[in-house]
file work_4.pdb (PDB, C-alpha atoms)
ATOM      1  CA  MET Q   8     108.771 122.004  89.243  1.00  0.00           C
ATOM      2  CA  ALA Q   9     109.641 118.851  91.190  1.00  0.00           C
ATOM      3  CA  ASP Q  10     108.529 118.579  94.802  1.00  0.00           C
ATOM      4  CA  LYS Q  11     111.585 119.485  96.943  1.00  0.00           C
ATOM      5  CA  LYS Q  12     110.700 116.786  99.499  1.00  0.00           C
ATOM      6  CA  ASN Q  13     110.887 114.130  96.788  1.00  0.00           C
ATOM      7  CA  VAL Q  14     114.287 115.228  95.473  1.00  0.00           C
ATOM      8  CA  SER Q  15     116.010 113.960  98.641  1.00  0.00           C
ATOM      9  CA  LYS Q  16     114.318 110.533  98.439  1.00  0.00           C
ATOM     10  CA  SER Q  17     115.539 107.537  96.474  1.00  0.00           C
ATOM     11  CA  LEU Q  18     114.180 107.099  92.967  1.00  0.00           C
ATOM     12  CA  GLU Q  19     112.428 103.851  93.905  1.00  0.00           C
ATOM     13  CA  ARG Q  20     110.577 105.434  96.837  1.00  0.00           C
ATOM     14  CA  VAL Q  21     109.436 108.357  94.693  1.00  0.00           C
ATOM     15  CA  VAL Q  22     108.190 105.871  92.086  1.00  0.00           C
ATOM     16  CA  ALA Q  23     106.280 103.939  94.756  1.00  0.00           C
ATOM     17  CA  GLU Q  24     104.714 107.099  96.195  1.00  0.00           C
ATOM     18  CA  THR Q  25     103.761 108.300  92.716  1.00  0.00           C
ATOM     19  CA  ALA Q  26     102.125 104.966  91.859  1.00  0.00           C
ATOM     20  CA  MET Q  27     100.224 104.945  95.167  1.00  0.00           C
ATOM     21  CA  LEU Q  28      99.013 108.518  94.660  1.00  0.00           C
ATOM     22  CA  ALA Q  29      97.883 107.719  91.110  1.00  0.00           C
ATOM     23  CA  GLY Q  30      96.078 104.554  92.212  1.00  0.00           C
ATOM     24  CA  GLU Q  31      94.353 106.279  95.114  1.00  0.00           C
ATOM     25  CA  THR Q  32      93.189 109.176  92.938  1.00  0.00           C
ATOM     26  CA  MET Q  33      91.845 106.886  90.211  1.00  0.00           C
ATOM     27  CA  LEU Q  34      90.077 104.600  92.689  1.00  0.00           C
ATOM     28  CA  ILE Q  35      88.367 107.581  94.335  1.00  0.00           C
ATOM     29  CA  ALA Q  36      87.364 108.815  90.871  1.00  0.00           C
ATOM     30  CA  GLY Q  37      85.589 105.520  90.110  1.00  0.00           C
ATOM     31  CA  ALA Q  38      88.059 103.758  87.807  1.00  0.00           C
ATOM     32  CA  GLU Q  39      87.740 100.010  87.359  1.00  0.00           C
ATOM     33  CA  ILE Q  40      90.282  97.823  89.167  1.00  0.00           C
ATOM     34  CA  SER Q  41      92.123  96.632  86.042  1.00  0.00           C
ATOM     35  CA  ARG Q  42      92.684 100.216  84.887  1.00  0.00           C
ATOM     36  CA  VAL Q  43      94.036 101.273  88.295  1.00  0.00           C
ATOM     37  CA  GLU Q  44      96.449  98.337  88.409  1.00  0.00           C
ATOM     38  CA  ASP Q  45      97.577  98.923  84.824  1.00  0.00           C
ATOM     39  CA  THR Q  46      98.305 102.594  85.509  1.00  0.00           C
ATOM     40  CA  MET Q  47     100.180 101.808  88.728  1.00  0.00           C
ATOM     41  CA  ASN Q  48     102.273  99.146  87.013  1.00  0.00           C
ATOM     42  CA  ARG Q  49     103.180 101.554  84.199  1.00  0.00           C
ATOM     43  CA  ILE Q  50     104.485 103.960  86.830  1.00  0.00           C
ATOM     44  CA  LEU Q  51     106.289 101.225  88.784  1.00  0.00           C
ATOM     45  CA  ASP Q  52     108.028 100.118  85.562  1.00  0.00           C
ATOM     46  CA  TYR Q  53     109.895 103.435  85.658  1.00  0.00           C
ATOM     47  CA  SER Q  54     111.977 102.144  88.591  1.00  0.00           C
ATOM     48  CA  LYS Q  55     113.537  99.389  86.410  1.00  0.00           C
ATOM     49  CA  CYS Q  56     113.392  97.082  89.458  1.00  0.00           C
ATOM     50  CA  GLU Q  57     113.290  93.345  88.889  1.00  0.00           C
ATOM     51  CA  SER Q  58     109.836  92.902  90.408  1.00  0.00           C
ATOM     52  CA  HIS Q  59     106.895  94.968  91.566  1.00  0.00           C
ATOM     53  CA  THR Q  60     103.241  94.321  92.327  1.00  0.00           C
ATOM     54  CA  ALA Q  61     100.150  96.505  92.588  1.00  0.00           C
ATOM     55  CA  PHE Q  62      97.166  94.862  94.273  1.00  0.00           C
ATOM     56  CA  VAL Q  63      93.930  96.864  94.242  1.00  0.00           C
ATOM     57  CA  LEU Q  64      90.559  96.230  95.882  1.00  0.00           C
ATOM     58  CA  ALA Q  65      87.465  98.415  95.859  1.00  0.00           C
ATOM     59  CA  THR Q  66      88.445 100.043  99.168  1.00  0.00           C
ATOM     60  CA  GLY Q  67      92.206  99.653  99.397  1.00  0.00           C
ATOM     61  CA  ILE Q  68      95.559  99.469  97.608  1.00  0.00           C
ATOM     62  CA  THR Q  69      98.773  97.574  98.355  1.00  0.00           C
ATOM     63  CA  LEU Q  70     101.984  97.783  96.367  1.00  0.00           C
ATOM     64  CA  THR Q  71     105.435  96.248  96.713  1.00  0.00           C
ATOM     65  CA  LEU Q  72     108.646  97.231  94.981  1.00  0.00           C
ATOM     66  CA  ASP Q  73     111.847  95.167  95.186  1.00  0.00           C
ATOM     67  CA  SER Q  74     114.397  97.991  95.202  1.00  0.00           C
ATOM     68  CA  ASP Q  75     118.121  98.281  95.901  1.00  0.00           C
ATOM     69  CA  GLU Q  76     117.350  99.681  99.366  1.00  0.00           C
ATOM     70  CA  GLY Q  77     115.169  96.654 100.181  1.00  0.00           C
ATOM     71  CA  LEU Q  78     111.536  95.748  99.762  1.00  0.00           C
ATOM     72  CA  ILE Q  79     109.291  98.825  99.675  1.00  0.00           C
ATOM     73  CA  THR Q  80     105.710  98.030 100.718  1.00  0.00           C
ATOM     74  CA  MET Q  81     102.835 100.501 100.937  1.00  0.00           C
ATOM     75  CA  SER Q  82      99.181 100.038 101.830  1.00  0.00           C
ATOM     76  CA  LYS Q  83      96.383 102.574 101.820  1.00  0.00           C
ATOM     77  CA  ARG Q  84      92.700 102.357 102.644  1.00  0.00           C
ATOM     78  CA  VAL Q  85      90.502 104.280 100.194  1.00  0.00           C
ATOM     79  CA  PRO Q  86      87.020 104.769 101.710  1.00  0.00           C
ATOM     80  CA  GLU Q  87      86.019 107.682  99.450  1.00  0.00           C
ATOM     81  CA  ARG Q  88      84.212 107.054  96.177  1.00  0.00           C
ATOM     82  CA  THR Q  89      82.838 109.353  93.537  1.00  0.00           C
ATOM     83  CA  THR Q  90      82.674 109.548  89.741  1.00  0.00           C
ATOM     84  CA  ASN Q  91      85.139 111.735  87.849  1.00  0.00           C
ATOM     85  CA  ILE Q  92      86.003 110.366  84.418  1.00  0.00           C
ATOM     86  CA  ASN Q  93      88.041 113.459  83.540  1.00  0.00           C
ATOM     87  CA  ARG Q  94      90.400 112.815  86.460  1.00  0.00           C
ATOM     88  CA  ILE Q  95      90.880 109.197  85.345  1.00  0.00           C
ATOM     89  CA  TYR Q  96      91.636 110.371  81.810  1.00  0.00           C
ATOM     90  CA  LEU Q  97      94.214 112.923  82.992  1.00  0.00           C
ATOM     91  CA  ILE Q  98      96.099 110.431  85.173  1.00  0.00           C
ATOM     92  CA  ASN Q  99      96.069 107.896  82.326  1.00  0.00           C
ATOM     93  CA  ASN Q 100      97.762 110.517  80.179  1.00  0.00           C
ATOM     94  CA  VAL Q 101     100.421 111.150  82.830  1.00  0.00           C
ATOM     95  CA  SER Q 102     101.233 107.441  83.196  1.00  0.00           C
ATOM     96  CA  ARG Q 103     101.541 107.024  79.440  1.00  0.00           C
ATOM     97  CA  ALA Q 104     103.722 110.115  79.109  1.00  0.00           C
ATOM     98  CA  LEU Q 105     105.960 108.654  81.826  1.00  0.00           C
ATOM     99  CA  SER Q 106     106.137 105.323  79.979  1.00  0.00           C
ATOM    100  CA  ALA Q 107     106.999 107.136  76.741  1.00  0.00           C
ATOM    101  CA  GLY Q 108     109.814 109.049  78.460  1.00  0.00           C
ATOM    102  CA  THR Q 109     108.428 112.505  77.746  1.00  0.00           C
ATOM    103  CA  ILE Q 110     108.310 113.396  81.474  1.00  0.00           C
ATOM    104  CA  ASP Q 111     110.296 112.231  84.519  1.00  0.00           C
ATOM    105  CA  ILE Q 112     108.939 110.723  87.737  1.00  0.00           C
ATOM    106  CA  TYR Q 113     109.182 113.977  89.699  1.00  0.00           C
ATOM    107  CA  THR Q 114     107.114 115.843  87.132  1.00  0.00           C
ATOM    108  CA  ALA Q 115     104.625 112.970  87.083  1.00  0.00           C
ATOM    109  CA  TYR Q 116     104.240 113.119  90.879  1.00  0.00           C
ATOM    110  CA  ASP Q 117     103.629 116.869  90.835  1.00  0.00           C
ATOM    111  CA  GLU Q 118     101.128 116.549  87.991  1.00  0.00           C
ATOM    112  CA  ILE Q 119      99.164 113.742  89.670  1.00  0.00           C
ATOM    113  CA  LYS Q 120      99.098 115.705  92.920  1.00  0.00           C
ATOM    114  CA  ARG Q 121      97.711 118.694  91.041  1.00  0.00           C
ATOM    115  CA  ILE Q 122      95.051 116.529  89.344  1.00  0.00           C
ATOM    116  CA  LYS Q 123      93.963 115.080  92.685  1.00  0.00           C
ATOM    117  CA  ASP Q 124      93.528 118.511  94.264  1.00  0.00           C
ATOM    118  CA  VAL Q 125      91.708 120.212  91.379  1.00  0.00           C
ATOM    119  CA  ARG Q 126      87.921 120.178  91.292  1.00  0.00           C
ATOM    120  CA  GLN Q 127      86.479 120.213  87.786  1.00  0.00           C
ATOM    121  CA  PHE Q 128      83.212 121.879  88.786  1.00  0.00           C
ATOM    122  CA  ARG Q 129      82.571 124.133  91.767  1.00  0.00           C
ATOM    123  CA  GLY Q 130      79.753 125.841  93.611  1.00  0.00           C
ATOM    124  CA  VAL Q 131      76.983 127.242  91.452  1.00  0.00           C
ATOM    125  CA  LEU Q 132      77.987 125.301  88.330  1.00  0.00           C
ATOM    126  CA  TYR Q 133      77.808 122.006  90.220  1.00  0.00           C
ATOM    127  CA  GLY Q 134      74.361 122.896  91.563  1.00  0.00           C
ATOM    128  CA  LEU Q 135      73.141 123.939  88.120  1.00  0.00           C
ATOM    129  CA  SER Q 136      74.127 120.519  86.792  1.00  0.00           C
ATOM    130  CA  PHE Q 137      71.430 118.975  89.023  1.00  0.00           C
ATOM    131  CA  VAL Q 138      68.893 121.394  87.580  1.00  0.00           C
ATOM    132  CA  GLY Q 139      69.936 120.721  83.995  1.00  0.00           C
ATOM    133  CA  VAL Q 140      70.004 116.928  84.326  1.00  0.00           C
ATOM    134  CA  ALA Q 141      66.571 116.827  85.996  1.00  0.00           C
ATOM    135  CA  LEU Q 142      65.023 119.264  83.528  1.00  0.00           C
ATOM    136  CA  PHE Q 143      66.368 117.741  80.319  1.00  0.00           C
ATOM    137  CA  PHE Q 144      65.761 114.130  81.327  1.00  0.00           C
ATOM    138  CA  THR Q 145      62.137 115.044  82.025  1.00  0.00           C
ATOM    139  CA  MET Q 146      61.972 116.692  78.601  1.00  0.00           C
ATOM    140  CA  MET Q 147      63.542 113.623  76.962  1.00  0.00           C
ATOM    141  CA  LEU Q 148      60.947 111.368  78.630  1.00  0.00           C
ATOM    142  CA  GLY Q 149      58.110 113.419  77.125  1.00  0.00           C
ATOM    143  CA  GLY Q 150      57.312 115.935  79.844  1.00  0.00           C
ATOM    144  CA  ASP Q 151      55.695 119.236  78.912  1.00  0.00           C
ATOM    145  CA  PHE Q 152      56.902 122.721  79.860  1.00  0.00           C
ATOM    146  CA  THR Q 153      55.350 122.600  83.335  1.00  0.00           C
ATOM    147  CA  ASP Q 154      56.821 119.166  84.079  1.00  0.00           C
ATOM    148  CA  CYS Q 155      60.288 120.302  83.003  1.00  0.00           C
ATOM    149  CA  MET Q 156      60.200 123.479  85.065  1.00  0.00           C
ATOM    150  CA  VAL Q 157      59.056 121.649  88.191  1.00  0.00           C
ATOM    151  CA  ALA Q 158      61.752 118.996  87.617  1.00  0.00           C
ATOM    152  CA  GLY Q 159      64.333 121.796  87.422  1.00  0.00           C
ATOM    153  CA  VAL Q 160      63.135 123.256  90.726  1.00  0.00           C
ATOM    154  CA  ALA Q 161      63.148 119.778  92.294  1.00  0.00           C
ATOM    155  CA  GLY Q 162      66.713 119.248  91.043  1.00  0.00           C
ATOM    156  CA  LEU Q 163      67.696 122.566  92.626  1.00  0.00           C
ATOM    157  CA  ALA Q 164      66.183 121.413  95.940  1.00  0.00           C
ATOM    158  CA  MET Q 165      68.283 118.249  95.744  1.00  0.00           C
ATOM    159  CA  ALA Q 166      71.455 120.228  95.030  1.00  0.00           C
ATOM    160  CA  ILE Q 167      70.859 122.634  97.925  1.00  0.00           C
ATOM    161  CA  THR Q 168      70.161 119.740 100.296  1.00  0.00           C
ATOM    162  CA  GLN Q 169      73.385 117.951  99.323  1.00  0.00           C
ATOM    163  CA  TRP Q 170      75.356 121.185  99.666  1.00  0.00           C
ATOM    164  CA  ALA Q 171      73.916 121.726 103.153  1.00  0.00           C
ATOM    165  CA  LEU Q 172      74.433 118.150 104.383  1.00  0.00           C
ATOM    166  CA  VAL Q 173      77.910 117.271 103.055  1.00  0.00           C
ATOM    167  CA  PRO Q 174      79.774 119.222 105.810  1.00  0.00           C
ATOM    168  CA  PHE Q 175      78.027 117.108 108.472  1.00  0.00           C
ATOM    169  CA  GLY Q 176      79.694 113.925 107.225  1.00  0.00           C
ATOM    170  CA  PHE Q 177      76.560 111.866 106.516  1.00  0.00           C
ATOM    171  CA  ASN Q 178      77.233 108.515 104.869  1.00  0.00           C
ATOM    172  CA  SER Q 179      76.140 108.073 101.259  1.00  0.00           C
ATOM    173  CA  PHE Q 180      72.895 106.265 102.154  1.00  0.00           C
ATOM    174  CA  PHE Q 181      71.501 109.059 104.320  1.00  0.00           C
ATOM    175  CA  LEU Q 182      72.877 111.789 102.058  1.00  0.00           C
ATOM    176  CA  ASN Q 183      71.147 110.287  99.015  1.00  0.00           C
ATOM    177  CA  MET Q 184      67.959 109.471 100.924  1.00  0.00           C
ATOM    178  CA  ILE Q 185      67.533 112.954 102.410  1.00  0.00           C
ATOM    179  CA  SER Q 186      68.388 114.742  99.172  1.00  0.00           C
ATOM    180  CA  THR Q 187      65.937 112.514  97.274  1.00  0.00           C
ATOM    181  CA  LEU Q 188      63.305 113.221  99.938  1.00  0.00           C
ATOM    182  CA  SER Q 189      63.855 116.957  99.442  1.00  0.00           C
ATOM    183  CA  MET Q 190      63.501 116.586  95.677  1.00  0.00           C
ATOM    184  CA  ALA Q 191      60.377 114.388  95.929  1.00  0.00           C
ATOM    185  CA  LEU Q 192      58.712 116.677  98.509  1.00  0.00           C
ATOM    186  CA  THR Q 193      59.210 119.586  96.121  1.00  0.00           C
ATOM    187  CA  ALA Q 194      57.718 117.647  93.199  1.00  0.00           C
ATOM    188  CA  VAL Q 195      54.767 116.234  95.152  1.00  0.00           C
ATOM    189  CA  GLY Q 196      54.134 119.627  96.766  1.00  0.00           C
ATOM    190  CA  PHE Q 197      53.866 121.282  93.346  1.00  0.00           C
ATOM    191  CA  GLN Q 198      51.394 118.622  92.219  1.00  0.00           C
ATOM    192  CA  ARG Q 199      49.253 118.846  95.347  1.00  0.00           C
ATOM    193  CA  PHE Q 200      49.139 122.619  95.700  1.00  0.00           C
ATOM    194  CA  VAL Q 201      50.045 124.247  92.362  1.00  0.00           C
ATOM    195  CA  PHE Q 202      49.870 122.103  89.196  1.00  0.00           C
ATOM    196  CA  ALA Q 203      47.375 119.308  89.794  1.00  0.00           C
ATOM    197  CA  ASN Q 204      47.615 118.045  86.197  1.00  0.00           C
ATOM    198  CA  MET Q 205      51.383 117.748  85.982  1.00  0.00           C
ATOM    199  CA  ASN Q 206      52.934 114.322  85.334  1.00  0.00           C
ATOM    200  CA  ILE Q 207      54.464 113.564  88.720  1.00  0.00           C
ATOM    201  CA  ASP Q 208      56.037 110.299  87.523  1.00  0.00           C
ATOM    202  CA  LEU Q 209      58.114 112.010  84.849  1.00  0.00           C
ATOM    203  CA  VAL Q 210      59.142 114.784  87.234  1.00  0.00           C
ATOM    204  CA  ILE Q 211      60.377 112.363  89.896  1.00  0.00           C
ATOM    205  CA  ILE Q 212      62.165 110.156  87.356  1.00  0.00           C
ATOM    206  CA  GLY Q 213      63.919 113.218  85.950  1.00  0.00           C
ATOM    207  CA  GLY Q 214      64.647 114.486  89.467  1.00  0.00           C
ATOM    208  CA  ILE Q 215      66.480 111.351  90.609  1.00  0.00           C
ATOM    209  CA  MET Q 216      68.695 111.149  87.519  1.00  0.00           C
ATOM    210  CA  PRO Q 217      71.539 113.296  88.965  1.00  0.00           C
ATOM    211  CA  ILE Q 218      72.281 110.592  91.564  1.00  0.00           C
ATOM    212  CA  VAL Q 219      71.327 107.426  89.647  1.00  0.00           C
ATOM    213  CA  PRO Q 220      74.476 105.238  89.907  1.00  0.00           C
ATOM    214  CA  GLY Q 221      74.713 104.317  86.232  1.00  0.00           C
ATOM    215  CA  VAL Q 222      78.497 104.719  85.960  1.00  0.00           C
ATOM    216  CA  ILE Q 223      79.046 102.754  89.182  1.00  0.00           C
ATOM    217  CA  PHE Q 224      76.877  99.908  87.850  1.00  0.00           C
ATOM    218  CA  THR Q 225      78.795  99.878  84.557  1.00  0.00           C
ATOM    219  CA  THR Q 226      82.107  99.798  86.439  1.00  0.00           C
ATOM    220  CA  ALA Q 227      80.813  96.934  88.617  1.00  0.00           C
ATOM    221  CA  MET Q 228      79.993  94.941  85.483  1.00  0.00           C
ATOM    222  CA  ARG Q 229      83.408  95.678  83.942  1.00  0.00           C
ATOM    223  CA  ASP Q 230      85.171  94.590  87.141  1.00  0.00           C
ATOM    224  CA  THR Q 231      83.139  91.375  87.231  1.00  0.00           C
ATOM    225  CA  LEU Q 232      83.824  90.561  83.582  1.00  0.00           C
ATOM    226  CA  ASN Q 233      87.549  91.268  84.145  1.00  0.00           C
ATOM    227  CA  GLY Q 234      87.589  88.699  86.944  1.00  0.00           C
ATOM    228  CA  ASP Q 235      87.785  91.210  89.823  1.00  0.00           C
ATOM    229  CA  TYR Q 236      84.819  89.635  91.565  1.00  0.00           C
ATOM    230  CA  THR Q 237      85.366  91.233  94.966  1.00  0.00           C
ATOM    231  CA  ALA Q 238      85.300  94.732  93.489  1.00  0.00           C
ATOM    232  CA  GLY Q 239      82.399  93.821  91.205  1.00  0.00           C
ATOM    233  CA  VAL Q 240      80.267  92.592  94.090  1.00  0.00           C
ATOM    234  CA  SER Q 241      81.273  95.545  96.273  1.00  0.00           C
ATOM    235  CA  ARG Q 242      80.325  98.110  93.646  1.00  0.00           C
ATOM    236  CA  GLY Q 243      77.174  96.178  92.782  1.00  0.00           C
ATOM    237  CA  LEU Q 244      76.113  96.409  96.432  1.00  0.00           C
ATOM    238  CA  GLU Q 245      76.941 100.117  96.390  1.00  0.00           C
ATOM    239  CA  THR Q 246      74.622 100.531  93.412  1.00  0.00           C
ATOM    240  CA  GLY Q 247      71.877  98.681  95.301  1.00  0.00           C
ATOM    241  CA  VAL Q 248      72.322 100.864  98.393  1.00  0.00           C
ATOM    242  CA  VAL Q 249      72.007 104.065  96.338  1.00  0.00           C
ATOM    243  CA  ALA Q 250      68.912 102.737  94.559  1.00  0.00           C
ATOM    244  CA  PHE Q 251      67.358 101.757  97.907  1.00  0.00           C
ATOM    245  CA  ALA Q 252      68.099 105.201  99.356  1.00  0.00           C
ATOM    246  CA  VAL Q 253      66.394 106.829  96.372  1.00  0.00           C
ATOM    247  CA  ALA Q 254      63.347 104.564  96.747  1.00  0.00           C
ATOM    248  CA  VAL Q 255      63.059 105.301 100.471  1.00  0.00           C
ATOM    249  CA  GLY Q 256      63.338 109.050  99.867  1.00  0.00           C
ATOM    250  CA  VAL Q 257      60.547 109.046  97.279  1.00  0.00           C
ATOM    251  CA  ALA Q 258      58.320 106.816  99.436  1.00  0.00           C
ATOM    252  CA  LEU Q 259      58.772 109.085 102.474  1.00  0.00           C
ATOM    253  CA  ALA Q 260      57.715 112.103 100.419  1.00  0.00           C
ATOM    254  CA  TYR Q 261      54.392 110.420  99.598  1.00  0.00           C
ATOM    255  CA  VAL Q 262      53.923 109.445 103.239  1.00  0.00           C
ATOM    256  CA  ILE Q 263      54.555 113.008 104.433  1.00  0.00           C
ATOM    257  CA  LEU Q 264      52.340 114.685 101.810  1.00  0.00           C
TER     258      LEU Q 264
END

call {"tool": "encode", "arguments": {"input": "work_4.pdb", "output": "structure tokens"}}
result
Amino acid sequence: MADKKNVSKSLERVVAETAMLAGETMLIAGAEISRVEDTMNRILDYSKCESHTAFVLATGITLTLDSDEGLITMSKRVPERTTNINRIYLINNVSRALSAGTIDIYTAYDEIKRIKDVRQFRGVLYGLSFVGVALFFTMMLGGDFTDCMVAGVAGLAMAITQWALVPFGFNSFFLNMISTLSMALTAVGFQRFVFANMNIDLVIIGGIMPIVPGVIFTTAMRDTLNGDYTAGVSRGLETGVVAFAVAVGVALAYVIL
């Protein structure tokens, strides 16, 4: 069902708003710059205007559309960043369906809006993912039963800490540092007071895996190789900040205990 507000707007403006919404959603989800621009341009092609441009940076988007009603220009700052490959995949599908003519622009707008608002994982399931990643990475690295169980508990401590701190609006550095500190304190506490013979190194390595910025680093390399050097450097620095936050959190746990 097409958005009633969009029905009264010109086709070109709806196309521009749809492209901006798609670009913003993909950039927040962690898509590389070339993919965001390609998707936006596919949507802008629907307008059949003589010229259009989508210019994307790591933290902002600008588009222009030379329409019959004049030049349409939109800019949007995108400070949020996360990793959601499923969301990128779904919006890719919408843009390609629009290019193929199987859906119209109004349906595409509604679908992209729905994709942006839907969370793939919620509540308990999201928290359990921290436990599972920590536990199974420790197992993969050669940890025994005790190491894996402690890693799972440490991962749970990290998940609870993130859940408790997110509403306060901490920036990513402090959020990652404090949640890593919580995880490391749990692991070191178990070694000091419960299981003296456990392999603390494997437990901590497994425990930090849920927030290791592997996808961000890969995206930074792809952006750099595609010639989007500003985005590549920006995301590379983001990777370094997360890694530094993790290191500080683990170091503080040893200082405290």

call {"tool": "closest_residue", "arguments": {"input": "work_4.pdb", "among": "Q:Ala171, Q:Asp111, Q:Gly162, Q:Asp75", "to": "Q:Glu57", "atoms": "all atoms listed in the file"}}
result
Q:Asp75

call {"tool": "atom_distance", "arguments": {"input": "work_4.pdb", "atom1": "atom CA of Q:Ile167", "atom2": "atom CA of Q:Thr193"}}
result
12.2 Å

call {"tool": "residues_near_point", "arguments": {"input": "work_4.pdb", "point": "(93.2, 101.9, 85.6)", "cutoff": "12 Å", "atoms": "all atoms listed in the file", "output": "ChimeraX atom specification"}}
result
/Q:26,29-50,61-63,92,94-100,102-103,226,229-230

call {"tool": "closest_atom_pairs", "arguments": {"input": "work_4.pdb", "of": "stretch 86-166 of chain Q", "to": "stretch 235-253 of chain Q", "cutoff": "12 Å", "atoms": "only C-alpha atoms", "output": "JSON lines"}}
result
{"residue": "Q:Arg88", "atom": "CA", "partner": "Q:Glu245", "partner_atom": "CA", "distance": 10.1}
{"residue": "Q:Thr89", "atom": "CA", "partner": "Q:Glu245", "partner_atom": "CA", "distance": 11.3}
{"residue": "Q:Met165", "atom": "CA", "partner": "Q:Val253", "partner_atom": "CA", "distance": 11.6}

call {"tool": "resolve_selection", "arguments": {"input": "work_4.pdb", "expression": "the PyMOL selection byres ((chain Q and resi 86) around 9)", "output": "list in words"}}
result
Ile35, Ala65, Thr66, Gly67, Arg84, Val85, Glu87 and Arg88 of chain Q

call {"tool": "closest_residue", "arguments": {"input": "work_4.pdb", "among": "Q:Ser136, Q:Asn183, Q:Thr25, Q:Asn233", "to": "Q:Leu70", "atoms": "only C-alpha atoms"}}
result
Q:Thr25

call {"tool": "resolve_selection", "arguments": {"input": "work_4.pdb", "expression": "the PyMOL selection byres ((chain Q and resi 200-217) around 8)", "output": "VMD selection string"}}
result
chain Q and resid 136 to 137 140 to 145 148 to 150 153 to 155 157 to 159 161 to 162 187 190 to 191 194 to 199 218 to 219 253

call {"tool": "atom_distance", "arguments": {"input": "work_4.pdb", "atom1": "atom CA of Q:Phe181", "atom2": "atom CA of Q:Val262"}}
result
17.6 Å

call {"tool": "residues_near_point", "arguments": {"input": "work_4.pdb", "point": "(63.3, 108.7, 99.9)", "cutoff": "8 Å", "atoms": "all atoms listed in the file", "output": "PyMOL selection string"}}
result
chain Q and resi 184-188+191+252-260

call {"tool": "atom_distance", "arguments": {"input": "work_4.pdb", "atom1": "atom CA of Q:Thr225", "atom2": "atom CA of Q:Val125"}}
result
25.0 Å

call {"tool": "closest_residue", "arguments": {"input": "work_4.pdb", "among": "Q:Leu51, Q:Ile122, Q:Met228, Q:Ile223", "to": "Q:Val22", "atoms": "all atoms listed in the file"}}
result
Q:Leu51

call {"tool": "closest_residue", "arguments": {"input": "work_4.pdb", "among": "Q:Ile119, Q:Met146, Q:Ile112, Q:Leu163", "to": "Q:Leu132", "atoms": "all atoms listed in the file"}}
result
Q:Leu163
